[in-house]
$ cat input_21.cif   # mmCIF, C-alpha atoms
data_model
#
loop_
_atom_site.group_PDB
_atom_site.id
_atom_site.type_symbol
_atom_site.label_atom_id
_atom_site.label_comp_id
_atom_site.auth_asym_id
_atom_site.auth_seq_id
_atom_site.Cartn_x
_atom_site.Cartn_y
_atom_site.Cartn_z
ATOM 1 C CA MET A 1 83.539 177.023 113.939
ATOM 2 C CA SER A 2 84.541 173.477 113.319
ATOM 3 C CA ASN A 3 85.247 172.093 109.889
ATOM 4 C CA SER A 4 82.145 170.816 108.101
ATOM 5 C CA ALA A 5 83.858 167.504 107.426
ATOM 6 C CA ASP A 6 83.974 166.845 111.165
ATOM 7 C CA SER A 7 80.379 167.907 111.924
ATOM 8 C CA PRO A 8 77.520 165.413 112.115
ATOM 9 C CA SER A 9 75.384 165.211 109.016
ATOM 10 C CA GLY A 10 72.075 166.953 109.135
ATOM 11 C CA PRO A 11 68.747 165.928 107.669
ATOM 12 C CA GLY A 12 68.858 165.366 103.928
ATOM 13 C CA ARG A 13 72.623 165.176 103.817
ATOM 14 C CA PRO A 14 74.505 161.938 103.093
ATOM 15 C CA GLY A 15 76.428 160.648 106.109
ATOM 16 C CA ARG A 16 80.015 159.413 106.078
ATOM 17 C CA TRP A 17 80.867 155.737 105.200
ATOM 18 C CA ARG A 18 81.481 153.969 108.449
ATOM 19 C CA PRO A 19 84.014 151.030 108.664
ATOM 20 C CA VAL A 20 81.211 148.477 109.122
ATOM 21 C CA ARG A 21 79.490 149.641 105.949
ATOM 22 C CA LEU A 22 82.765 149.493 104.048
ATOM 23 C CA LEU A 23 83.379 145.912 105.243
ATOM 24 C CA THR A 24 79.844 144.851 104.248
ATOM 25 C CA ALA A 25 80.256 146.291 100.773
ATOM 26 C CA ALA A 26 83.593 144.508 100.356
ATOM 27 C CA VAL A 27 82.054 141.149 101.355
ATOM 28 C CA PHE A 28 79.245 141.503 98.816
ATOM 29 C CA ALA A 29 81.748 142.500 96.129
ATOM 30 C CA LEU A 30 83.904 139.452 96.863
ATOM 31 C CA ALA A 31 80.863 137.161 96.810
ATOM 32 C CA GLY A 32 79.855 138.536 93.455
ATOM 33 C CA LEU A 33 83.344 137.949 92.095
ATOM 34 C CA ILE A 34 83.249 134.318 93.299
ATOM 35 C CA PHE A 35 79.868 133.705 91.652
ATOM 36 C CA VAL A 36 81.050 135.156 88.363
ATOM 37 C CA THR A 37 84.263 133.125 88.452
ATOM 38 C CA SER A 38 82.338 129.905 89.215
ATOM 39 C CA PHE A 39 79.942 130.555 86.344
ATOM 40 C CA ILE A 40 82.788 131.136 83.882
ATOM 41 C CA THR A 41 84.688 128.047 85.097
ATOM 42 C CA ALA A 42 81.695 125.733 85.080
ATOM 43 C CA LYS A 43 80.428 126.828 81.639
ATOM 44 C CA GLY A 44 77.019 125.443 82.485
ATOM 45 C CA THR A 45 78.306 122.141 83.939
ATOM 46 C CA ASN A 46 78.115 120.810 87.481
ATOM 47 C CA LEU A 47 81.151 121.721 89.553
ATOM 48 C CA ARG A 48 80.359 119.150 92.229
ATOM 49 C CA THR A 49 82.297 115.919 91.727
ATOM 50 C CA ASP A 50 80.701 112.598 92.547
ATOM 51 C CA ALA A 51 81.889 111.759 96.072
ATOM 52 C CA SER A 52 82.441 108.097 95.193
ATOM 53 C CA LEU A 53 85.158 109.109 92.743
ATOM 54 C CA LEU A 54 87.085 110.666 95.587
ATOM 55 C CA ARG A 55 87.023 107.612 97.818
ATOM 56 C CA LEU A 56 90.424 106.119 98.406
ATOM 57 C CA SER A 57 89.018 102.605 98.127
ATOM 58 C CA ASP A 58 87.867 103.317 94.575
ATOM 59 C CA LEU A 59 91.298 104.620 93.661
ATOM 60 C CA ILE A 60 92.955 101.521 95.122
ATOM 61 C CA GLU A 61 90.521 99.246 93.285
ATOM 62 C CA GLU A 62 91.201 101.011 89.990
ATOM 63 C CA ARG A 63 94.964 100.708 90.488
ATOM 64 C CA SER A 64 94.544 97.030 91.412
ATOM 65 C CA HIS A 65 92.771 96.310 88.115
ATOM 66 C CA LYS A 66 95.476 98.212 86.258
ATOM 67 C CA ASN A 67 98.198 96.197 87.977
ATOM 68 C CA ALA A 68 96.372 92.976 87.128
ATOM 69 C CA GLY A 69 96.383 93.964 83.456
ATOM 70 C CA LEU A 70 100.080 94.791 83.617
ATOM 71 C CA ASP A 71 100.763 91.400 85.209
ATOM 72 C CA GLU A 72 98.980 89.683 82.338
ATOM 73 C CA SER A 73 100.957 91.601 79.722
ATOM 74 C CA THR A 74 104.197 90.871 81.592
ATOM 75 C CA ALA A 75 103.329 87.173 81.660
ATOM 76 C CA ALA A 76 102.645 87.190 77.915
ATOM 77 C CA VAL A 77 106.013 88.801 77.197
ATOM 78 C CA ARG A 78 107.741 86.328 79.524
ATOM 79 C CA ASP A 79 106.130 83.440 77.631
ATOM 80 C CA GLN A 80 107.544 84.844 74.396
ATOM 81 C CA VAL A 81 110.981 85.120 75.972
ATOM 82 C CA ASP A 82 110.748 81.554 77.262
ATOM 83 C CA SER A 83 109.730 80.241 73.847
ATOM 84 C CA LEU A 84 112.698 81.984 72.264
ATOM 85 C CA ALA A 85 115.016 80.681 74.963
ATOM 86 C CA ALA A 86 113.703 77.150 74.396
ATOM 87 C CA ARG A 87 115.177 77.128 70.908
ATOM 88 C CA ASP A 88 118.518 75.395 70.409
ATOM 89 C CA ASP A 89 121.041 77.849 71.826
ATOM 90 C CA GLY A 90 123.938 75.435 72.163
ATOM 91 C CA SER A 91 123.444 74.828 75.877
ATOM 92 C CA THR A 92 123.939 71.345 77.318
ATOM 93 C CA ARG A 93 121.279 69.291 79.070
ATOM 94 C CA ALA A 94 123.017 69.894 82.378
ATOM 95 C CA GLU A 95 122.879 73.645 81.843
ATOM 96 C CA ASP A 96 119.211 73.477 80.873
ATOM 97 C CA ALA A 97 118.445 71.393 83.969
ATOM 98 C CA ARG A 98 120.260 73.879 86.193
ATOM 99 C CA LEU A 99 118.356 76.786 84.625
ATOM 100 C CA HIS A 100 115.043 74.992 85.181
ATOM 101 C CA ALA A 101 115.945 74.278 88.819
ATOM 102 C CA LEU A 102 116.778 77.948 89.376
ATOM 103 C CA GLU A 103 113.481 79.014 87.814
ATOM 104 C CA GLU A 104 111.586 76.621 90.084
ATOM 105 C CA ALA A 105 113.408 77.937 93.141
ATOM 106 C CA ALA A 106 112.652 81.521 92.093
ATOM 107 C CA GLY A 107 108.970 80.688 91.640
ATOM 108 C CA THR A 108 108.784 81.915 88.045
ATOM 109 C CA THR A 109 107.548 78.598 86.617
ATOM 110 C CA GLU A 110 104.553 76.398 87.385
ATOM 111 C CA THR A 111 104.922 73.778 90.071
ATOM 112 C CA SER A 112 102.600 70.844 90.690
ATOM 113 C CA GLY A 113 102.123 68.117 93.261
ATOM 114 C CA PRO A 114 100.133 67.210 96.356
ATOM 115 C CA GLY A 115 99.288 70.039 98.691
ATOM 116 C CA LEU A 116 96.626 71.838 100.646
ATOM 117 C CA THR A 117 94.665 75.090 100.824
ATOM 118 C CA VAL A 118 94.078 77.091 104.000
ATOM 119 C CA THR A 119 91.088 79.458 104.002
ATOM 120 C CA LEU A 120 90.859 82.310 106.514
ATOM 121 C CA ASP A 121 87.749 84.454 106.871
ATOM 122 C CA ASP A 122 86.288 87.179 109.059
ATOM 123 C CA ALA A 123 83.760 86.242 111.695
ATOM 124 C CA PRO A 124 80.052 86.563 110.805
ATOM 125 C CA ALA A 125 78.572 90.040 111.105
ATOM 126 C CA ASP A 126 76.365 88.901 114.024
ATOM 127 C CA ALA A 127 79.133 86.992 115.816
ATOM 128 C CA GLN A 128 78.698 86.497 119.544
ATOM 129 C CA ALA A 129 81.228 85.296 122.083
ATOM 130 C CA ALA A 130 81.177 81.610 122.917
ATOM 131 C CA PRO A 131 80.311 80.786 126.549
ATOM 132 C CA GLY A 132 83.171 81.653 128.878
ATOM 133 C CA TYR A 133 84.764 84.249 126.573
ATOM 134 C CA PRO A 134 84.554 88.063 126.826
ATOM 135 C CA GLU A 135 82.474 90.047 124.369
ATOM 136 C CA PRO A 136 84.468 90.629 121.161
ATOM 137 C CA GLN A 137 86.008 93.884 120.102
ATOM 138 C CA ALA A 138 86.045 94.912 116.431
ATOM 139 C CA ASN A 139 89.623 93.698 115.991
ATOM 140 C CA ASP A 140 88.700 90.261 117.312
ATOM 141 C CA LEU A 141 86.364 89.600 114.382
ATOM 142 C CA VAL A 142 88.591 90.259 111.364
ATOM 143 C CA ILE A 143 91.630 88.668 109.760
ATOM 144 C CA HIS A 144 94.862 90.516 110.430
ATOM 145 C CA GLN A 145 98.171 90.665 108.611
ATOM 146 C CA GLN A 146 99.866 88.531 111.245
ATOM 147 C CA ASP A 147 97.291 85.764 110.720
ATOM 148 C CA LEU A 148 98.100 85.493 107.019
ATOM 149 C CA GLN A 149 101.820 85.732 107.695
ATOM 150 C CA ALA A 150 101.561 82.982 110.313
ATOM 151 C CA VAL A 151 100.035 80.576 107.787
ATOM 152 C CA VAL A 152 102.553 81.449 105.063
ATOM 153 C CA ASN A 153 105.514 81.084 107.438
ATOM 154 C CA ALA A 154 104.229 77.750 108.776
ATOM 155 C CA LEU A 155 103.816 76.365 105.249
ATOM 156 C CA TRP A 156 107.361 77.402 104.309
ATOM 157 C CA LYS A 157 108.594 75.770 107.506
ATOM 158 C CA GLY A 158 106.672 72.636 106.551
ATOM 159 C CA GLY A 159 108.717 72.305 103.375
ATOM 160 C CA ALA A 160 106.367 73.848 100.821
ATOM 161 C CA LYS A 161 107.808 73.805 97.295
ATOM 162 C CA GLY A 162 105.663 76.795 96.386
ATOM 163 C CA ILE A 163 102.885 78.939 97.854
ATOM 164 C CA LYS A 164 100.056 80.856 96.235
ATOM 165 C CA VAL A 165 98.053 83.523 98.080
ATOM 166 C CA MET A 166 94.728 84.068 96.345
ATOM 167 C CA ASP A 167 95.726 83.895 92.653
ATOM 168 C CA GLN A 168 99.341 85.056 92.995
ATOM 169 C CA ARG A 169 102.504 83.036 93.467
ATOM 170 C CA LEU A 170 104.812 84.152 96.250
ATOM 171 C CA ILE A 171 108.505 84.729 95.620
ATOM 172 C CA SER A 172 111.371 85.789 97.872
ATOM 173 C CA THR A 173 110.468 89.495 97.649
ATOM 174 C CA SER A 174 106.707 89.078 98.166
ATOM 175 C CA ALA A 175 105.231 90.918 101.147
ATOM 176 C CA VAL A 176 101.884 89.917 102.647
ATOM 177 C CA ARG A 177 100.427 93.178 103.961
ATOM 178 C CA CYS A 178 96.980 94.265 105.094
ATOM 179 C CA VAL A 179 95.402 97.716 105.203
ATOM 180 C CA GLY A 180 92.271 97.616 107.299
ATOM 181 C CA ASN A 181 90.589 94.331 106.452
ATOM 182 C CA THR A 182 91.934 94.135 102.895
ATOM 183 C CA LEU A 183 95.055 92.375 101.644
ATOM 184 C CA ILE A 184 97.484 94.218 99.380
ATOM 185 C CA LEU A 185 99.766 91.775 97.596
ATOM 186 C CA GLN A 186 102.165 92.770 94.829
ATOM 187 C CA GLY A 187 100.120 95.801 93.852
ATOM 188 C CA ARG A 188 96.701 94.143 93.925
ATOM 189 C CA VAL A 189 93.903 94.289 96.495
ATOM 190 C CA TYR A 190 91.911 91.358 97.906
ATOM 191 C CA SER A 191 89.092 90.961 100.407
ATOM 192 C CA PRO A 192 88.319 87.954 102.637
ATOM 193 C CA PRO A 193 87.963 85.050 102.519
ATOM 194 C CA TYR A 194 91.688 84.552 101.907
ATOM 195 C CA LYS A 195 92.946 81.335 100.344
ATOM 196 C CA ILE A 196 96.562 80.193 100.746
ATOM 197 C CA THR A 197 97.607 77.158 98.697
ATOM 198 C CA ALA A 198 100.870 75.250 99.075
ATOM 199 C CA VAL A 199 102.477 72.383 97.168
ATOM 200 C CA GLY A 200 104.375 69.890 99.322
ATOM 201 C CA ASP A 201 104.091 66.887 101.585
ATOM 202 C CA ARG A 202 100.637 67.167 103.134
ATOM 203 C CA ASP A 203 101.573 65.525 106.429
ATOM 204 C CA ARG A 204 104.500 67.875 106.956
ATOM 205 C CA LEU A 205 102.426 70.910 105.968
ATOM 206 C CA ASN A 206 99.612 69.966 108.358
ATOM 207 C CA LYS A 207 102.061 69.344 111.195
ATOM 208 C CA ALA A 208 103.681 72.743 110.617
ATOM 209 C CA LEU A 209 100.258 74.414 110.814
ATOM 210 C CA THR A 210 99.398 72.539 114.014
ATOM 211 C CA ASP A 211 102.754 73.306 115.678
ATOM 212 C CA SER A 212 102.737 77.046 114.927
ATOM 213 C CA PRO A 213 102.209 79.082 118.155
ATOM 214 C CA ALA A 214 100.747 81.973 116.136
ATOM 215 C CA ILE A 215 98.172 79.684 114.530
ATOM 216 C CA GLN A 216 97.388 78.101 117.886
ATOM 217 C CA ASN A 217 96.560 81.599 119.139
ATOM 218 C CA TYR A 218 94.415 82.213 116.048
ATOM 219 C CA GLN A 219 92.514 78.992 116.774
ATOM 220 C CA LEU A 220 91.437 80.463 120.119
ATOM 221 C CA TYR A 221 89.642 83.245 118.242
ATOM 222 C CA VAL A 222 88.132 80.679 115.892
ATOM 223 C CA LYS A 223 86.652 78.921 118.901
ATOM 224 C CA ALA A 224 85.675 82.080 120.773
ATOM 225 C CA TYR A 225 84.252 84.302 118.032
ATOM 226 C CA GLY A 226 83.836 82.205 114.890
ATOM 227 C CA LEU A 227 86.725 83.381 112.731
ATOM 228 C CA GLY A 228 86.962 81.246 109.604
ATOM 229 C CA TRP A 229 89.480 78.405 109.400
ATOM 230 C CA LYS A 230 89.402 75.582 106.861
ATOM 231 C CA VAL A 231 92.060 73.227 105.473
ATOM 232 C CA ASP A 232 91.424 71.365 102.219
ATOM 233 C CA GLU A 233 93.885 68.713 101.063
ATOM 234 C CA HIS A 234 94.689 68.108 97.389
ATOM 235 C CA ARG A 235 96.106 65.020 95.766
ATOM 236 C CA ALA A 236 97.399 67.229 92.994
ATOM 237 C CA VAL A 237 97.395 70.993 92.630
ATOM 238 C CA THR A 238 99.208 73.340 90.247
ATOM 239 C CA LEU A 239 100.551 76.737 91.228
ATOM 240 C CA PRO A 240 101.138 79.330 88.504
ATOM 241 C CA GLY A 241 104.547 80.854 87.996
ATOM 242 C CA TYR A 242 105.104 84.363 89.276
ATOM 243 C CA SER A 243 104.297 86.749 86.424
ATOM 244 C CA GLY A 244 105.340 90.127 87.830
ATOM 245 C CA THR A 245 108.627 91.948 87.708
ATOM 246 C CA VAL A 246 111.555 90.569 89.677
ATOM 247 C CA ASP A 247 113.461 93.856 89.740
ATOM 248 C CA LEU A 248 114.171 95.298 93.165
ATOM 249 C CA HIS A 249 112.957 98.847 93.791
ATOM 250 C CA TYR A 250 114.155 101.137 96.525
ATOM 251 C CA ALA A 251 113.892 104.780 97.504
ATOM 252 C CA LYS A 252 116.587 107.282 96.588
ATOM 253 C CA PRO A 253 116.994 111.046 97.018
ATOM 254 C CA VAL A 254 115.527 113.212 94.281
ATOM 255 C CA GLY A 255 118.176 114.979 92.226
#
$ encode --input "input_21.cif" --output "structure tokens"
Amino acid sequence: MSNSADSPSGPGRPGRWRPVRLLTAAVFALAGLIFVTSFITAKGTNLRTDASLLRLSDLIEERSHKNAGLDESTAAVRDQVDSLAARDDGSTRAEDARLHALEEAAGTTETSGPGLTVTLDDAPADAQAAPGYPEPQANDLVIHQQDLQAVVNALWKGGAKGIKVMDQRLISTSAVRCVGNTLILQGRVYSPPYKITAVGDRDRLNKALTDSPAIQNYQLYVKAYGLGWKVDEHRAVTLPGYSGTVDLHYAKPVG
């Protein structure tokens, strides 16, 4: 006679636990554990975070505002330093003049004079191709990093004494960079239209813009798809001094 443990169960007798039943019981037990853990963690509050808080654009915008505040505090401290330095420290007029010239060259002080402002903007949302041009792709209708860089480089070539992009003064370490259709400049984020203002001889600045091959190429898209391009001349314009840090930062191995 075979062992009763190996025989099939008869009527009224409990059958053996099959693997499928064991797996089902384990799943329900795990689900119950998760529910209990969630209840204890939540303590009656909503565990679901607002999706907008997780958007990268919101994080960038928050950091941009923070950087703007830090720039303002840095500028205030720099003004205090400048006021202290302006006191009689025994330096000669020649030394003071040389210091002022170096500050102007570095872009850390205001500069004024005649100049112009170039405004670049995306094409209208309903932009259509002009007759004789192919239908536009998405990239044809927005301002790109190379467009901004082309204007900045042309203005420097035209002898600009100083350049401001949006509300920030450019210095030797400034980098004009775009992510998508937004400009990231010195830790702050900007959206089009983009305004680039330069102080210098207006005729030379205009000629440099006209002679730039990169800007000539941009003008084709202005004509074909309606990208924004506007040049306003100023008899007198003042650029602010650069208010951020001038320290150079670079990557290095941890430890």
$ resolve_selection --input "input_21.cif" --expression "the PyMOL selection byres ((chain A and resi 161) around 7)" --output "MDAnalysis selection string"
chainID A and resid 159:160 162 199:200
$ atom_distance --input "input_21.cif" --atom1 "CA of Gly180 (chain A)" --atom2 "CA of Leu120 (chain A)"
15.4 Å
$ resolve_selection --input "input_21.cif" --expression "the PyMOL selection byres ((chain A and resi 117) around 7)" --output "list in words"
Leu116, Val118, Thr119, Lys195, Ile196, Thr197, Ala198, Val231, Asp232 and Glu233 of chain A
$ closest_residue --input "input_21.cif" --among "A:Leu170, A:Val254, A:Ala214, A:Leu185" --to "Ala150 (chain A)" --atoms "all atoms listed in the file"
A:Ala214
$ atom_distance --input "input_21.cif" --atom1 "CA of Gln216 (chain A)" --atom2 "CA of Ala138 (chain A)"
20.3 Å
$ atom_distance --input "input_21.cif" --atom1 "CA of Tyr190 (chain A)" --atom2 "CA of Gln146 (chain A)"
15.8 Å
$ resolve_selection --input "input_21.cif" --expression "the PyMOL selection byres ((chain A and resi 226) around 12)" --output "PyMOL selection string"
chain A and resi 120-130+133+136+140-143+218-225+227-230
$ residues_near_point --input "input_21.cif" --point "(101.3, 86.1, 101.1)" --cutoff "12 Å" --atoms "all atoms listed in the file" --output "PyMOL selection string"
chain A and resi 118+145-156+162-178+183-186+188-190+194-198
$ residues_around --input "input_21.cif" --residues "region 100-111 of chain A" --least-positions-apart "5" --cutoff "7 Å" --atoms "all atoms listed in the file" --output "NGL selection string"
:A and (162 or 171 or 238-243)
$ closest_residue --input "input_21.cif" --among "A:Ala236, A:Val179, A:Ala97, A:Val246" --to "Asp201 (chain A)" --atoms "all atoms listed in the file"
A:Ala236
$ closest_residue --input "input_21.cif" --among "A:Gly32, A:Pro134, A:Gly244, A:Gly113" --to "Arg202 (chain A)" --atoms "all atoms listed in the file"
A:Gly113
